[in-house]
Amino acid sequence: MNLFSSLRQSFKTIICVVAVFFLSEAVSAQTWIYYPGDFEVWLSNKMQVRRTDREAVFPPLWQYYSPYALVTFQTEVDIPEADEVKIYSEGSFQLILDGVQVYGQPKSIKISAGKHKISFKVYNQEVLPAIYIAGKYVKSDASWKVTNEDKLWIDENGKAQQSGTPWVPVGSWNFNSPESKPSGFKLTTTPWNAKKTEKIGTGELVDFGKETFGYIKIHGLKEKGKVALYYGESREEALDTAKCETLDHLSFDGKQPETYTHNGSKAFRYVRVQADAGVKYDSISMLYEYLPLDYRGAFKSSDQELNKIWDVSAYTMHLTSREFFIDGIKRDRWVWSGDAYQSYLMNYYLFFDSASVERTLLALRGKEPVTAHVNIIMDYSLYWFVGVYDYYLHTGDTKFIKTFYPRMKSLMEFCLERRNKNGFLEPLEGDWVFIDWADGLPKTGEVSFEQMLLARSLEAMAVSAKIAGESEDQKQYQKLAADLKTKLFDVFWDKKENVMKHQRIDGKMQDIVTRYANMFGIFFNYFNEEQKQSIKNKVLLNDKILKITTPYMRFYELEALCAMGEQNYVLKEMKDYWGGMLKEGATSFWEEYNPTKKGTEHLAMYGRPYGKSLCHAWGSSPIYLLGKYYLGVKPTAPGYAEYEIKPNLGGLQWMEGKVPTPKGEVALYVSKSEIKVKAAEGEGKLIFESQSKPKTNSGTITELSKNKYQLTVQPNVEYQISYKAVK
């Protein structure tokens with residue numbers, strides 16, 4: 001979809017979405033508030049240092065940011081009667097009421113009827129400054145503003161003075177009671193019992209039946225001594241005490257409680273337990289740790305293997321949806337922008353949890369100044385921009401962009417400053433060009449894939465600038481995007497072969513064609529139909545072109561093919577690839593799968609026998625493919641004010657499912673003779689093909705072209721269409 005055209009076509013619907021959004025903000029409940037983005041920065045710092053490699057701390061590779069230690073909150077109220085207001089604070093504070101300082105650290109204050117200006121200057125160096133204000137009329141909610149600049153002070157006469165300062169809307173989440181402090185956030189846990197336990201030498205091997213994440217519990221623990229825990233995503237890893245990736249050595253003095261819960265959460269299916277002879281215990285269980293999310297998306301079909309693929313994909317996605325969308329639950333347990341971008345898209349078709357997307361975007365962006373690419377990877381900075389636009393398209397949330405546009409702009413300025421004299425991104429010292437894990441993939445010089453991502457990012461910036469009210473920025477980004485796309489085709493498009501070349505070094509085009517820019521250009525809609533067909537045959541379906549073996553880039557390869565109507569082919573590929581992992585015993589999907597490998601070869605990566613993650617977010621892409629390209633549901637205007645349903649059975653006899661939207665779901669059943677659809681909101685266009693004239697119980701079917709029809713779907717109406725599928 002063209003970003004600009006979608007914005008133009010839906011101007012009226014955008015206004016409606018914005019109006020509804022701000023109305024909901026106006027009536028929001030009282031909650032803990034803080035500087036926007038600071039909770040996410042603090043939480044990501046805390047989470048990402050939990051990765052261990054055989055008990056050694058393994059921190060991230062990139063810069064850490066910190067929350068602002070001193071911020072000022074402010075609001076203006078007009079209350080009909082006196083209000084007794086309770087004050088809760090994370091940090092010491094200075095309270096200024098109507099320009100006069102209130103001394104001490106009061107736990108409550110009485111505010112008279114009428115108009116008032118209230119300010120709290122809060123300091124906290126340990127976690128992050130936050131307040132919770134609880135009155136009948138005066139309460140902390142989204143209407144408050146905050147600044148990190150010290151522009152509010154008390155003069156020699158005891159009066160508050162204020163200079164011009166950039167106040168921004170406060171940040172908040174679901175911390176809606178005084179006891180639910182931001183600094184106390186924890187994921188949810190629930191008890192799980194082991195599925196099987198077997199004796200291994202003088203110890204035992206505990207099997208929880210599938211990939212999982214949480215805290216080991218030891219029951220009936222007595223006496224003193226040491227207990228070693230060796231974790232494994234596979235049986236082989238847990239048994240290999242010398243080379244398993246994660247382990248814990250515990251010491252007990254005999255005074256410990258009989259039921260002991262280890263305080264370090266880990267990813268595992270198997271745990272080998274080796275206790276000293278003097279230590280006694282009865283059994284091992286665990287506390288499963290997870291983010292409570294509703295499975296709002298659903299998929300089921302006539303193909304049982306495909307149904308299993310969807311189920312395991314959903315479980316994999318849930319395991320990696322934690323404080324943030326992370327890559328893998330064993331390794332790395334970090335927030336990577338490329339991995340997260342795919343998680344956003346899969347989330348829209350499974351949970352539609354907007355808060356998780358926001359948290360992850362903010363954790364990745366960090367604070368000012370920008371000194372390196374996101375995750376120090378050039379392409380990962382660019383995925384961040386596209387992720388912001390996709391968030392807006394799916395949710396209709398303009399507040400996020402308005403609040404964080406300055407951070408968008410400064411990151412884009414950093415990227416643009418790193419262009420070479422030709423106007424292309426080229427890696428400088430400290431830049432990592434990732435693209436994909438692939439042996440023999442060249443990444444130096446000017447790479448077409450990076451320029452294509454930059455063009456898309458500039459388009460996203462133009463849309464964001466318009467939302468932020470920065471018209472001059474919008475014009476600039478539109479021109480930069482258009483100019484770059486022109487240069488991209490002038491330099492990298494091979495007019496003779498009708499494909500996009502991969503790389504130019506020192507002005508010399510390299511005779512290399514890869515799948516990356518070619519497939520992205522298809523679903524970015526940068527190619528015309530003739531170019532798409534050439535790319536499909538000469539690149540995507542050409543075994544001589546460097547193959548993709550990671551689910552990461554298979555995601556995009558299969559999306560490009562689906563975008564061109566190759567659902568029958570993609571269905572076979574999904575069954576071969578993800579079905580291949582299931583046949584190998586996978587209970588969650590892996591970081592990488594190569595069907596030519598055998599046995600324990602599937603466990604190795606990065607030169608380590610168990611280095612591969614067997615639960616990796618980018619392994620969940622069937623959720624997205626089946627929702628968007630088989631059920632065929634996608635937004636065409638922000639927040640699903642308008643959307644498209646274009647089902648494609650892809651060789652299935654029937655399929656049914658739900659695709660979540662901001663306020664409900666689009667429910668769909670499709671067979672070769674019948675389509676049933678019901679949607680909760682927006683105006684949808686059901687587009688389908690039929691060999692004969694279709695019939696409907698409601699609405700009017702119009703013929704678009706030969707064998708192609710359209711039905712307008714209105715909210716809360718059950719449509720039942722009889723048709724004859726085109727062979």
# chains A, B, ... in the order shown; residues from 1 in each chain; ligands from 1

$ residues_around --residues "Asn648 in chain A" --least-positions-apart "6" --cutoff "12 Å" --atoms "only C-alpha atoms" --output "ChimeraX atom specification"
/A:562-568,570-571,625-633,654-656,668-672,675,686-690,725-727

$ residues_around --residues "Thr320 in chain A" --least-positions-apart "4" --cutoff "10 Å" --atoms "only C-alpha atoms" --output "PDB file with N, CA, C and O atoms, in the first residue's frame"
ATOM      1  N   PHE A 213       9.038 -21.289  29.933  1.00  0.00           N
ATOM      2  CA  PHE A 213       9.852 -20.217  30.518  1.00  0.00           C
ATOM      3  C   PHE A 213       9.371 -19.979  31.938  1.00  0.00           C
ATOM      4  O   PHE A 213       8.166 -19.852  32.186  1.00  0.00           O
ATOM      5  N   TYR A 290       4.640 -15.437  32.258  1.00  0.00           N
ATOM      6  CA  TYR A 290       4.107 -14.998  30.968  1.00  0.00           C
ATOM      7  C   TYR A 290       3.451 -13.625  31.085  1.00  0.00           C
ATOM      8  O   TYR A 290       3.124 -13.157  32.179  1.00  0.00           O
ATOM      9  N   LEU A 291       3.263 -12.980  29.943  1.00  0.00           N
ATOM     10  CA  LEU A 291       2.491 -11.753  29.857  1.00  0.00           C
ATOM     11  C   LEU A 291       1.046 -12.151  29.551  1.00  0.00           C
ATOM     12  O   LEU A 291       0.793 -12.811  28.538  1.00  0.00           O
ATOM     13  N   TYR A 315       1.827 -20.134  20.117  1.00  0.00           N
ATOM     14  CA  TYR A 315       2.506 -20.394  21.388  1.00  0.00           C
ATOM     15  C   TYR A 315       3.908 -19.787  21.385  1.00  0.00           C
ATOM     16  O   TYR A 315       4.338 -19.183  22.374  1.00  0.00           O
ATOM     17  N   THR A 316       4.606 -19.925  20.279  1.00  0.00           N
ATOM     18  CA  THR A 316       5.934 -19.323  20.142  1.00  0.00           C
ATOM     19  C   THR A 316       5.857 -17.805  20.306  1.00  0.00           C
ATOM     20  O   THR A 316       6.667 -17.197  21.010  1.00  0.00           O
ATOM     21  N   PHE A 324       8.671  -6.979  26.673  1.00  0.00           N
ATOM     22  CA  PHE A 324       8.741  -6.431  25.313  1.00  0.00           C
ATOM     23  C   PHE A 324       8.690  -7.611  24.354  1.00  0.00           C
ATOM     24  O   PHE A 324       8.759  -8.768  24.760  1.00  0.00           O
ATOM     25  N   PHE A 325       8.598  -7.317  23.071  1.00  0.00           N
ATOM     26  CA  PHE A 325       8.750  -8.367  22.075  1.00  0.00           C
ATOM     27  C   PHE A 325      10.247  -8.663  21.953  1.00  0.00           C
ATOM     28  O   PHE A 325      11.016  -7.820  21.486  1.00  0.00           O
ATOM     29  N   ILE A 326      10.651  -9.839  22.387  1.00  0.00           N
ATOM     30  CA  ILE A 326      12.067 -10.194  22.349  1.00  0.00           C
ATOM     31  C   ILE A 326      12.312 -11.212  21.249  1.00  0.00           C
ATOM     32  O   ILE A 326      11.390 -11.730  20.636  1.00  0.00           O
ATOM     33  N   ASP A 327      13.587 -11.515  21.003  1.00  0.00           N
ATOM     34  CA  ASP A 327      13.926 -12.430  19.911  1.00  0.00           C
ATOM     35  C   ASP A 327      13.713 -13.879  20.325  1.00  0.00           C
ATOM     36  O   ASP A 327      12.874 -14.576  19.788  1.00  0.00           O
ATOM     37  N   GLY A 328      14.489 -14.355  21.286  1.00  0.00           N
ATOM     38  CA  GLY A 328      14.368 -15.733  21.735  1.00  0.00           C
ATOM     39  C   GLY A 328      14.359 -15.775  23.246  1.00  0.00           C
ATOM     40  O   GLY A 328      14.946 -14.921  23.915  1.00  0.00           O
ATOM     41  N   ILE A 329      13.703 -16.779  23.826  1.00  0.00           N
ATOM     42  CA  ILE A 329      13.564 -16.795  25.285  1.00  0.00           C
ATOM     43  C   ILE A 329      14.784 -17.390  25.984  1.00  0.00           C
ATOM     44  O   ILE A 329      14.972 -17.173  27.177  1.00  0.00           O
ATOM     45  N   LYS A 330      15.620 -18.143  25.247  1.00  0.00           N
ATOM     46  CA  LYS A 330      16.877 -18.604  25.846  1.00  0.00           C
ATOM     47  C   LYS A 330      18.011 -17.656  25.488  1.00  0.00           C
ATOM     48  O   LYS A 330      18.767 -17.214  26.342  1.00  0.00           O
ATOM     49  N   ARG A 333      17.226 -13.033  24.619  1.00  0.00           N
ATOM     50  CA  ARG A 333      16.399 -12.345  25.614  1.00  0.00           C
ATOM     51  C   ARG A 333      16.609 -10.830  25.539  1.00  0.00           C
ATOM     52  O   ARG A 333      16.515 -10.134  26.546  1.00  0.00           O
ATOM     53  N   ALA A 340      11.642  -7.517  16.407  1.00  0.00           N
ATOM     54  CA  ALA A 340      10.447  -6.876  16.955  1.00  0.00           C
ATOM     55  C   ALA A 340       9.507  -6.418  15.845  1.00  0.00           C
ATOM     56  O   ALA A 340       8.280  -6.507  15.990  1.00  0.00           O
ATOM     57  N   SER A 343       7.394  -9.136  15.011  1.00  0.00           N
ATOM     58  CA  SER A 343       6.480  -9.407  16.119  1.00  0.00           C
ATOM     59  C   SER A 343       5.305  -8.440  16.124  1.00  0.00           C
ATOM     60  O   SER A 343       4.174  -8.823  16.438  1.00  0.00           O
ATOM     61  N   CYS A 615      13.143 -21.399  20.375  1.00  0.00           N
ATOM     62  CA  CYS A 615      11.904 -20.618  20.492  1.00  0.00           C
ATOM     63  C   CYS A 615      12.254 -19.192  20.107  1.00  0.00           C
ATOM     64  O   CYS A 615      12.782 -18.440  20.920  1.00  0.00           O
ATOM     65  N   HIS A 616      11.974 -18.843  18.874  1.00  0.00           N
ATOM     66  CA  HIS A 616      12.403 -17.549  18.351  1.00  0.00           C
ATOM     67  C   HIS A 616      11.211 -16.834  17.718  1.00  0.00           C
ATOM     68  O   HIS A 616      10.456 -17.430  16.948  1.00  0.00           O
ATOM     69  N   ALA A 617      11.069 -15.551  18.039  1.00  0.00           N
ATOM     70  CA  ALA A 617       9.888 -14.800  17.602  1.00  0.00           C
ATOM     71  C   ALA A 617       9.690 -14.866  16.093  1.00  0.00           C
ATOM     72  O   ALA A 617       8.564 -15.022  15.618  1.00  0.00           O
ATOM     73  N   TRP A 618      10.770 -14.775  15.343  1.00  0.00           N
ATOM     74  CA  TRP A 618      10.586 -14.723  13.889  1.00  0.00           C
ATOM     75  C   TRP A 618      10.170 -16.072  13.311  1.00  0.00           C
ATOM     76  O   TRP A 618       9.908 -16.188  12.122  1.00  0.00           O
ATOM     77  N   SER A 620       7.350 -17.352  14.045  1.00  0.00           N
ATOM     78  CA  SER A 620       5.885 -17.366  14.161  1.00  0.00           C
ATOM     79  C   SER A 620       5.171 -16.769  12.959  1.00  0.00           C
ATOM     80  O   SER A 620       3.969 -16.509  13.019  1.00  0.00           O
TER      81      SER A 620
END

$ atom_distance --atom1 "CA of Leu454 in chain A" --atom2 "CA of Glu591 in chain A"
26.0 Å

$ atom_distance --atom1 "CA of Gln653 in chain A" --atom2 "CA of Asn697 in chain A"
22.6 Å

$ select_by_dssp --residues "range 9-155 of chain A" --states "strand (DSSP E)" --output "ChimeraX atom specification"
/A:33-34,52-53,56-57,70-79,83-90,92-97,100-102,108-111,114-123,130-134,145-147,152-154

$ write_last_selection --atoms "C-alpha atoms" --output "mmCIF file, in the first residue's frame"
data_model
loop_
_atom_site.group_PDB
_atom_site.id
_atom_site.type_symbol
_atom_site.label_atom_id
_atom_site.label_comp_id
_atom_site.auth_asym_id
_atom_site.auth_seq_id
_atom_site.Cartn_x
_atom_site.Cartn_y
_atom_site.Cartn_z
ATOM 1 C CA ILE A 33 2.069 8.802 35.364
ATOM 2 C CA TYR A 34 5.685 9.382 34.344
ATOM 3 C CA THR A 52 23.327 -15.311 31.250
ATOM 4 C CA ASP A 53 25.783 -17.593 29.521
ATOM 5 C CA ALA A 56 28.091 -15.226 33.396
ATOM 6 C CA VAL A 57 26.146 -12.018 32.814
ATOM 7 C CA LEU A 70 14.048 14.940 37.802
ATOM 8 C CA VAL A 71 10.788 15.745 36.014
ATOM 9 C CA THR A 72 7.932 18.173 36.536
ATOM 10 C CA PHE A 73 4.261 17.169 36.220
ATOM 11 C CA GLN A 74 1.597 19.811 35.752
ATOM 12 C CA THR A 75 -2.153 20.099 35.309
ATOM 13 C CA GLU A 76 -4.886 22.734 35.432
ATOM 14 C CA VAL A 77 -8.294 21.913 36.919
ATOM 15 C CA ASP A 78 -11.646 23.581 37.499
ATOM 16 C CA ILE A 79 -13.477 21.630 40.202
ATOM 17 C CA ASP A 83 -11.545 17.870 46.924
ATOM 18 C CA GLU A 84 -9.487 15.781 49.357
ATOM 19 C CA VAL A 85 -6.575 14.584 47.211
ATOM 20 C CA LYS A 86 -4.270 11.731 48.197
ATOM 21 C CA ILE A 87 -0.669 11.855 46.940
ATOM 22 C CA TYR A 88 1.491 8.851 46.104
ATOM 23 C CA SER A 89 4.971 9.304 44.682
ATOM 24 C CA GLU A 90 7.898 7.262 43.474
ATOM 25 C CA SER A 92 10.702 12.877 46.713
ATOM 26 C CA PHE A 93 8.704 15.811 45.404
ATOM 27 C CA GLN A 94 8.101 19.537 45.517
ATOM 28 C CA LEU A 95 4.420 20.484 45.326
ATOM 29 C CA ILE A 96 3.409 23.891 43.961
ATOM 30 C CA LEU A 97 -0.277 24.835 44.148
ATOM 31 C CA VAL A 100 2.877 28.730 45.966
ATOM 32 C CA GLN A 101 5.065 25.965 47.350
ATOM 33 C CA VAL A 102 3.414 23.520 49.742
ATOM 34 C CA SER A 108 -2.867 14.361 51.064
ATOM 35 C CA ILE A 109 -3.997 17.916 50.457
ATOM 36 C CA LYS A 110 -7.362 19.661 50.388
ATOM 37 C CA ILE A 111 -8.017 21.734 47.267
ATOM 38 C CA GLY A 114 -12.549 26.540 41.435
ATOM 39 C CA LYS A 115 -9.620 26.813 39.053
ATOM 40 C CA HIS A 116 -6.153 25.663 40.080
ATOM 41 C CA LYS A 117 -2.729 24.997 38.609
ATOM 42 C CA ILE A 118 -0.920 22.074 40.222
ATOM 43 C CA SER A 119 2.721 21.139 39.726
ATOM 44 C CA PHE A 120 4.828 18.298 41.120
ATOM 45 C CA LYS A 121 8.591 18.304 40.672
ATOM 46 C CA VAL A 122 9.672 14.704 41.387
ATOM 47 C CA TYR A 123 13.174 13.326 41.897
ATOM 48 C CA ALA A 130 6.248 8.838 38.980
ATOM 49 C CA ILE A 131 3.133 10.066 40.779
ATOM 50 C CA TYR A 132 -0.376 8.811 41.483
ATOM 51 C CA ILE A 133 -2.884 11.502 42.481
ATOM 52 C CA ALA A 134 -6.224 10.245 43.800
ATOM 53 C CA LYS A 145 1.717 17.189 31.055
ATOM 54 C CA VAL A 146 5.341 16.678 31.998
ATOM 55 C CA THR A 147 8.749 18.159 31.223
ATOM 56 C CA LEU A 152 9.832 25.824 36.980
ATOM 57 C CA TRP A 153 11.287 27.432 40.102
ATOM 58 C CA ILE A 154 10.400 29.392 43.253
#

$ residues_around --residues "range 596-607 of chain A" --least-positions-apart "6" --cutoff "9 Å" --atoms "only C-alpha atoms" --output "PyMOL selection string"
chain A and resi 234+236-237+584+613-614

$ residues_around --residues "range 44-51 of chain A" --least-positions-apart "2" --cutoff "7 Å" --atoms "only C-alpha atoms" --output "PDB file with N, CA and C atoms, in the first residue's frame"
ATOM      1  N   GLU A  40       9.648   2.515  29.871  1.00  0.00           N
ATOM      2  CA  GLU A  40      10.091   1.521  28.897  1.00  0.00           C
ATOM      3  C   GLU A  40      11.612   1.411  28.870  1.00  0.00           C
ATOM      4  N   VAL A  41      12.298   2.546  28.976  1.00  0.00           N
ATOM      5  CA  VAL A  41      13.759   2.541  29.031  1.00  0.00           C
ATOM      6  C   VAL A  41      14.240   1.829  30.292  1.00  0.00           C
ATOM      7  N   TRP A  42      13.650   2.188  31.425  1.00  0.00           N
ATOM      8  CA  TRP A  42      14.039   1.572  32.696  1.00  0.00           C
ATOM      9  C   TRP A  42      13.789   0.066  32.681  1.00  0.00           C
ATOM     10  N   ASP A  53      25.120 -16.550  30.294  1.00  0.00           N
ATOM     11  CA  ASP A  53      25.783 -17.593  29.521  1.00  0.00           C
ATOM     12  C   ASP A  53      26.606 -18.414  30.508  1.00  0.00           C
ATOM     13  N   VAL A  57      27.052 -13.036  33.345  1.00  0.00           N
ATOM     14  CA  VAL A  57      26.146 -12.018  32.814  1.00  0.00           C
ATOM     15  C   VAL A  57      26.549 -11.686  31.382  1.00  0.00           C
ATOM     16  N   PHE A  58      25.563 -11.579  30.499  1.00  0.00           N
ATOM     17  CA  PHE A  58      25.836 -11.309  29.088  1.00  0.00           C
ATOM     18  C   PHE A  58      24.987 -10.107  28.682  1.00  0.00           C
ATOM     19  N   PRO A  59      25.473  -8.872  28.922  1.00  0.00           N
ATOM     20  CA  PRO A  59      24.669  -7.676  28.637  1.00  0.00           C
ATOM     21  C   PRO A  59      24.602  -7.384  27.143  1.00  0.00           C
ATOM     22  N   PRO A  60      23.660  -6.522  26.735  1.00  0.00           N
ATOM     23  CA  PRO A  60      23.518  -6.165  25.318  1.00  0.00           C
ATOM     24  C   PRO A  60      24.756  -5.485  24.748  1.00  0.00           C
ATOM     25  N   TYR A  64      23.109   1.943  26.676  1.00  0.00           N
ATOM     26  CA  TYR A  64      21.989   2.010  27.607  1.00  0.00           C
ATOM     27  C   TYR A  64      21.638   3.474  27.855  1.00  0.00           C
ATOM     28  N   ASP A 332      18.521 -14.367  22.623  1.00  0.00           N
ATOM     29  CA  ASP A 332      19.320 -13.534  23.488  1.00  0.00           C
ATOM     30  C   ASP A 332      18.544 -12.981  24.681  1.00  0.00           C
ATOM     31  N   ARG A 333      17.226 -13.033  24.619  1.00  0.00           N
ATOM     32  CA  ARG A 333      16.399 -12.345  25.614  1.00  0.00           C
ATOM     33  C   ARG A 333      16.609 -10.830  25.539  1.00  0.00           C
ATOM     34  N   TRP A 334      16.894 -10.342  24.357  1.00  0.00           N
ATOM     35  CA  TRP A 334      17.079  -8.914  24.136  1.00  0.00           C
ATOM     36  C   TRP A 334      15.996  -8.393  23.202  1.00  0.00           C
ATOM     37  N   ALA A 363      11.420   1.356  23.953  1.00  0.00           N
ATOM     38  CA  ALA A 363      12.646   0.762  24.489  1.00  0.00           C
ATOM     39  C   ALA A 363      13.752   0.780  23.443  1.00  0.00           C
TER      40      ALA A 363
END
